[in-house]
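Engineer: First the structure, which I've put down as structure tokens, then a few questions once you've had a look.
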Amino acid sequence: IGGMDDYTDCCNLTEDIRESVNVCGKLTLAGTAAVLSRVSLLITGDSGIMHLAYALGTPTLSLFGPGNEKKWAPPGNSHAVIRKGIDCSPCTKFGYVPRCKKNRECMRLIEVDEVYNKAVELMER
């Protein structure tokens, strides 16, 4: 799920997953909501899609870097956050993310195994 700008990245992420479907740039907001209402878990960055999933009751695993998870992460037991907490994060101020001087280290430090393990834990709740 995403915009047309996300299409190529999504193709790269899903090319080896037979069951995947890339709908980036192909859905309306209502269509996106319909998909999100049927998934077991959304793994996402700090985004509008994260909030839409929460509003629909879809469990989320949110990856936070520049954003402030204390302010923006969904509450409750069906949601979890991964954040590395480096010294410059969160850096977002009033919706503006300044140019990063650390090559997005706050996001790059999040490891695939960490996301996988947290997703499994969240789905077992």
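By order of appearance in the structure tokens: chains A, B, ..., then residues from 1 within every chain, and ligands from 1 in the order shown.
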Which segment 29-72 of chain A residues have any atom within 8 Å of an atom of segment 100-107 of chain A, and for each, what is the nearest pair of atoms with distance in Å to one decimal, counting only C-alpha atoms, rows sorted by chain and number, as a Markdown table?
Structural biologist:
| residue | atom | partner | partner_atom | distance |
| --- | --- | --- | --- | --- |
| A:Leu63 | CA | A:Met107 | CA | 7.7 |
| A:Phe64 | CA | A:Met107 | CA | 7.2 |
| A:Gly65 | CA | A:Cys106 | CA | 4.9 |
| A:Pro66 | CA | A:Cys106 | CA | 7.1 |
Engineer: Pick out the residues sitting within 12 Å of Val39 of chain A, and hand them over as a PyMOL selection string; count only C-alpha atoms, and ignore anything fewer than 2 positions along from it in its own chain.
Structural biologist: chain A and resi 1+32-37+41-43+53-54+56-60+123
Engineer: Record the distance separating atom CA of Asn22 of chain A and atom CA of Arg99 of chain A, expressed in Å with one decimal.
Structural biologist: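 Atom CA of Asn22 of chain A sits 29.3 Å away from atom CA of Arg99 of chain A.
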Engineer: Taking 5 positions as the minimum chain separation for residues in the same chain, which residues sit within 8 Å of Met4 of chain A when counting only C-alpha atoms? Answer as a list in words.
Structural biologist: Cys24, Gly25 and Lys26 of chain A
Engineer: Using only C-alpha atoms, which of A:Glu114, A:Ser89, A:Glu124, A:Leu52 sits nearest Lys70 of chain A?
Structural biologist: A:Ser89
Engineer: Taking only chain A into account, list the residues labelled alpha helix (DSSP H) by DSSP (computed from the backbone), as a PyMOL selection string.
Structural biologist: chain A and resi 7-14+29-36+48-56+69-72+105-108+112-123
Engineer: For the residues selected in the previous step, produce a file with C-alpha atoms as a PDB file, in the first residue's frame.
Structural biologist:
ATOM      1  CA  TYR A   7       5.580   1.408  -6.496  1.00  0.00           C
ATOM      2  CA  THR A   8       9.161   0.494  -7.492  1.00  0.00           C
ATOM      3  CA  ASP A   9      10.363   0.134  -3.898  1.00  0.00           C
ATOM      4  CA  CYS A  10       7.382  -2.097  -3.151  1.00  0.00           C
ATOM      5  CA  CYS A  11       8.179  -4.241  -6.207  1.00  0.00           C
ATOM      6  CA  ASN A  12      11.708  -4.722  -4.878  1.00  0.00           C
ATOM      7  CA  LEU A  13      10.415  -5.681  -1.425  1.00  0.00           C
ATOM      8  CA  THR A  14       7.879  -8.191  -2.662  1.00  0.00           C
ATOM      9  CA  LEU A  29      -8.466   6.140   0.278  1.00  0.00           C
ATOM     10  CA  ALA A  30     -11.620   4.028   0.592  1.00  0.00           C
ATOM     11  CA  GLY A  31      -9.883   1.158  -1.221  1.00  0.00           C
ATOM     12  CA  THR A  32      -6.886   1.451   1.067  1.00  0.00           C
ATOM     13  CA  ALA A  33      -9.201   1.345   4.088  1.00  0.00           C
ATOM     14  CA  ALA A  34     -10.884  -1.770   2.682  1.00  0.00           C
ATOM     15  CA  VAL A  35      -7.518  -3.533   2.365  1.00  0.00           C
ATOM     16  CA  LEU A  36      -6.356  -2.420   5.809  1.00  0.00           C
ATOM     17  CA  GLY A  48      -1.263   8.498   7.751  1.00  0.00           C
ATOM     18  CA  ILE A  49      -1.745   4.837   6.821  1.00  0.00           C
ATOM     19  CA  MET A  50      -0.743   3.935  10.391  1.00  0.00           C
ATOM     20  CA  HIS A  51      -3.515   6.161  11.748  1.00  0.00           C
ATOM     21  CA  LEU A  52      -6.052   4.825   9.251  1.00  0.00           C
ATOM     22  CA  ALA A  53      -5.223   1.239  10.264  1.00  0.00           C
ATOM     23  CA  TYR A  54      -5.623   2.155  13.943  1.00  0.00           C
ATOM     24  CA  ALA A  55      -8.993   3.771  13.248  1.00  0.00           C
ATOM     25  CA  LEU A  56     -10.103   0.555  11.523  1.00  0.00           C
ATOM     26  CA  GLU A  69       6.137   8.007  19.087  1.00  0.00           C
ATOM     27  CA  LYS A  70       5.001   9.339  22.464  1.00  0.00           C
ATOM     28  CA  LYS A  71       2.823  11.812  20.608  1.00  0.00           C
ATOM     29  CA  TRP A  72       1.829   9.892  17.463  1.00  0.00           C
ATOM     30  CA  GLU A 105      20.580   6.282  11.277  1.00  0.00           C
ATOM     31  CA  CYS A 106      17.447   6.203  13.447  1.00  0.00           C
ATOM     32  CA  MET A 107      15.736   4.075  10.787  1.00  0.00           C
ATOM     33  CA  ARG A 108      18.764   2.165   9.466  1.00  0.00           C
ATOM     34  CA  VAL A 112      14.756  -7.110  10.007  1.00  0.00           C
ATOM     35  CA  ASP A 113      14.940  -9.763  12.744  1.00  0.00           C
ATOM     36  CA  GLU A 114      13.813  -7.216  15.322  1.00  0.00           C
ATOM     37  CA  VAL A 115      10.780  -6.307  13.194  1.00  0.00           C
ATOM     38  CA  TYR A 116       9.979  -9.962  12.521  1.00  0.00           C
ATOM     39  CA  ASN A 117      10.193 -10.949  16.195  1.00  0.00           C
ATOM     40  CA  LYS A 118       8.053  -8.011  17.314  1.00  0.00           C
ATOM     41  CA  ALA A 119       5.486  -8.783  14.598  1.00  0.00           C
ATOM     42  CA  VAL A 120       5.236 -12.415  15.726  1.00  0.00           C
ATOM     43  CA  GLU A 121       4.895 -11.299  19.352  1.00  0.00           C
ATOM     44  CA  LEU A 122       2.169  -8.818  18.430  1.00  0.00           C
ATOM     45  CA  MET A 123       0.214 -11.376  16.407  1.00  0.00           C
TER      46      MET A 123
END
Engineer: Measure the distance from atom CA of Asp5 of chain A to atom CA of Leu109 of chain A in Å and round it to one decimal.
Structural biologist: 23.8 Å
